[in-house]
Structure formats: C-alpha cells, structure tokens
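Visitor: So that we are looking at the same thing, I have put the structure below in structure tokens.
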Amino acid sequence: MKLFDSELKVMEVLWSRGDTTAKEISNILAASIGWNMNTTYTVIKKCVAKGAIERREPNFLCRARISKEEVRAEEAGQLVAKLFDGEPELLFASLLGGKTLSKEQIARLRDWIDRQE
C-alpha cells in the first residue's frame with residue numbers, strides 16, 4: 001500500500017496516539033502543520049478507501065489498520081527495488097558511504113544481521 005506524505009501525517013497521529021476521532025486528528029494537524037478540517041477529513045477518507053484506516057462510530061473514531069513497521073518495510077522494499085536493483089546491501093553502502101559508525105551502532109547492526117540468519 002502506497003501512502004503519500006499527507007496520508008503519513010494522519011497515520012503518524014494514529015500510530016502515536018492510538019484510536020483517535022477525526023476531530024482530534026484535525027485539531028492536532030491544524031496546530032502542528034496548519035491544515036484545516038476539510039483537508040484533514042479528505043486525507044482521512046483517502047486512507048479509509050485504501051484500507052489504512054478503519055472508521056467507527058460514534059464520533060468518526062479512526063483506527064490504524066496497518067502498522068508503522070508495515071509501511072516502513074513496504075517503502076524500504078520499493079526504494080531498494082527502484083534505486084538499488086533489488087540489492088539491499090547497496091542501500092546500506094549508500095547510506096553509510098564515508099560515514100563512521102560508533103561501536104554501539106556497529107553492534108546493533110551485527111545483532112540485526114545475526115537475527116536475519
């Protein structure tokens with residue numbers, strides 16, 4: 001499922017707060033990025049149509065149907081496929097190119113790689 005930046009802003013509210021009414025989402029996004037209520041409701045409806053958000057009554061209660069981790073995995077997979085010929089190690093090389101990692105960062109990467117084996 002491809003989510004656009006505007007849709008991700010709505011999803012971030014749900015991921016951080018849990019089930020939230022559309023009005024509350026609208027208030028949060030109005031304060032943080034200046035969206036008006038109509039904009040927020042339009043984006044919520046797009047997310048509902050995509051299956052990313054479940055709408056419940058009363059009060060247009062919204063619940064995330066996909067996790068942040070699922071979206072991250074999908075986006076990362078698309079990035080690797082599109083820009084790195086499907087080779088994840090090329091993405092890592094690009095991200096790390098010329099940078100020095102701390103011992104702690106290296107240890108976390110090693111732990112992650114060990115869990116993948």
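By order of appearance in the structure tokens: chains A, B, ..., then residues from 1 within every chain, and ligands from 1 in the order shown.
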Pick out each residue of chain A that DSSP on the backbone tags as strand (DSSP E); I need them as a list in words.

Guide: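 Of chain A, only Thr20, Thr21, Ile53, Glu54, Arg55, Arg56, Leu61, Cys62, Arg63 and Ala64 of chain A fall in strand (DSSP E).
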
Visitor: Find the residues near Trp35 in chain A: any atom within 9 Å, counting only C-alpha atoms, skip ones fewer than 6 places away on the same chain, and give them as a list in words.

Guide: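 Surrounding residues, per the criterion: Ser26, Asn27 and Leu29 of chain A.
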
Visitor: Which residues come within 8 Å of range 44-47 of chain A, counting only C-alpha atoms, excluding same-chain residues fewer than 4 positions away, as a ChimeraX atom specification?

Guide: /A:7,10,22,40,51-53

Visitor: Atoms to include: C-alpha atoms. Write the selected residues as a tab-separated table (two decimals), in the first residue's frame.

Guide:
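What landed in selection_27.tsv:
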chain	number	residue	atom	x	y	z
A	7	GLU	CA	-1.56	10.35	4.44
A	10	VAL	CA	-2.54	11.36	9.54
A	22	ALA	CA	-11.29	12.60	13.16
A	40	THR	CA	-7.74	16.52	7.25
A	51	GLY	CA	-7.76	0.30	3.86
A	52	ALA	CA	-5.12	2.03	6.02
A	53	ILE	CA	-7.69	3.39	8.47

Visitor: Nearest to Met11 in chain A among A:Arg110, A:Lys99, A:Lys82, A:Arg65, with distances taken over only C-alpha atoms: which residue is it?

Guide: A:Arg65

Visitor: Can you work out the spacing between CA of Ala64 in chain A and CA of Gly18 in chain A in Å, to one decimal?

Guide: 7.6 Å

Visitor: Taking only range 28-95 of chain A into account, list the residues labelled alpha helix (DSSP H) by DSSP (computed from the backbone), as a compact mmCIF listing (two decimals) with C-alpha atoms, in the first residue's frame.

Guide:
# COMPACT_ATOMS: atom_id res chain seq x y z
CA ILE A 28 -3.65 18.10 16.09
CA LEU A 29 -2.76 18.65 12.44
CA ALA A 30 -4.19 22.18 12.48
CA ALA A 31 -1.88 23.04 15.37
CA SER A 32 1.20 21.26 14.04
CA ILE A 33 1.08 21.94 10.28
CA MET A 37 -10.62 20.49 8.96
CA ASN A 38 -11.67 19.82 5.35
CA THR A 39 -8.12 18.92 4.34
CA THR A 40 -7.74 16.52 7.25
CA TYR A 41 -11.10 14.84 6.63
CA THR A 42 -10.30 14.45 2.92
CA VAL A 43 -7.00 12.75 3.72
CA ILE A 44 -8.64 10.52 6.33
CA LYS A 45 -11.25 9.44 3.76
CA LYS A 46 -8.48 8.58 1.29
CA CYS A 47 -6.80 6.44 3.96
CA VAL A 48 -10.12 4.72 4.70
CA ALA A 49 -10.59 4.00 0.98
CA LYS A 50 -7.10 2.47 0.82
CA LYS A 68 4.22 1.83 11.05
CA GLU A 69 6.55 -1.16 10.67
CA GLU A 70 4.49 -2.50 7.75
CA VAL A 71 4.66 0.87 5.99
CA ARG A 72 8.40 1.14 6.64
CA ALA A 73 9.01 -2.34 5.22
CA GLU A 74 6.92 -1.60 2.12
CA GLU A 75 8.58 1.76 1.49
CA ALA A 76 12.07 0.33 2.04
CA GLY A 77 11.34 -2.55 -0.32
CA GLN A 78 10.15 -0.16 -3.01
CA LEU A 79 13.22 2.02 -2.54
CA VAL A 80 15.58 -0.94 -2.82
CA ALA A 81 13.78 -2.25 -5.89
CA LYS A 82 13.64 1.12 -7.63
CA LEU A 83 17.04 2.63 -6.88
CA PRO A 88 19.68 -4.12 -0.02
CA GLU A 89 23.42 -4.11 0.63
CA LEU A 90 23.74 -1.34 -1.98
CA LEU A 91 21.28 0.74 0.05
CA PHE A 92 23.35 0.21 3.20
CA ALA A 93 26.54 1.13 1.35
CA SER A 94 24.90 4.29 0.05
CA LEU A 95 23.59 5.24 3.49

Visitor: Any idea what the distance is between CA of Glu57 in chain A and CA of Asp19 in chain A?

Guide: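 A separation of 11.8 Å between them.
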
Visitor: Would you compute the distance between CA of Pro58 in chain A and CA of Phe4 in chain A? Give it in Å to one decimal.

Guide: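 Atom-to-atom, CA of Pro58 in chain A and CA of Phe4 in chain A are spaced 27.2 Å apart.
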
Visitor: Name all residues at most 6 Å from Cys62 in chain A (count only C-alpha atoms; drop same-chain ones fewer than 2 positions away) and give them as an mmCIF file with C-alpha atoms, in the first residue's frame.

Guide:
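The file below, selection28.cif, is the result:
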data_model
loop_
_atom_site.group_PDB
_atom_site.id
_atom_site.type_symbol
_atom_site.label_atom_id
_atom_site.label_comp_id
_atom_site.auth_asym_id
_atom_site.auth_seq_id
_atom_site.Cartn_x
_atom_site.Cartn_y
_atom_site.Cartn_z
ATOM 1 C CA ASP A 19 -7.587 5.266 18.223
ATOM 2 C CA THR A 20 -8.465 8.919 17.723
ATOM 3 C CA THR A 21 -11.510 10.786 16.461
ATOM 4 C CA GLU A 54 -10.858 1.851 9.863
ATOM 5 C CA ARG A 55 -13.648 4.304 10.640
#
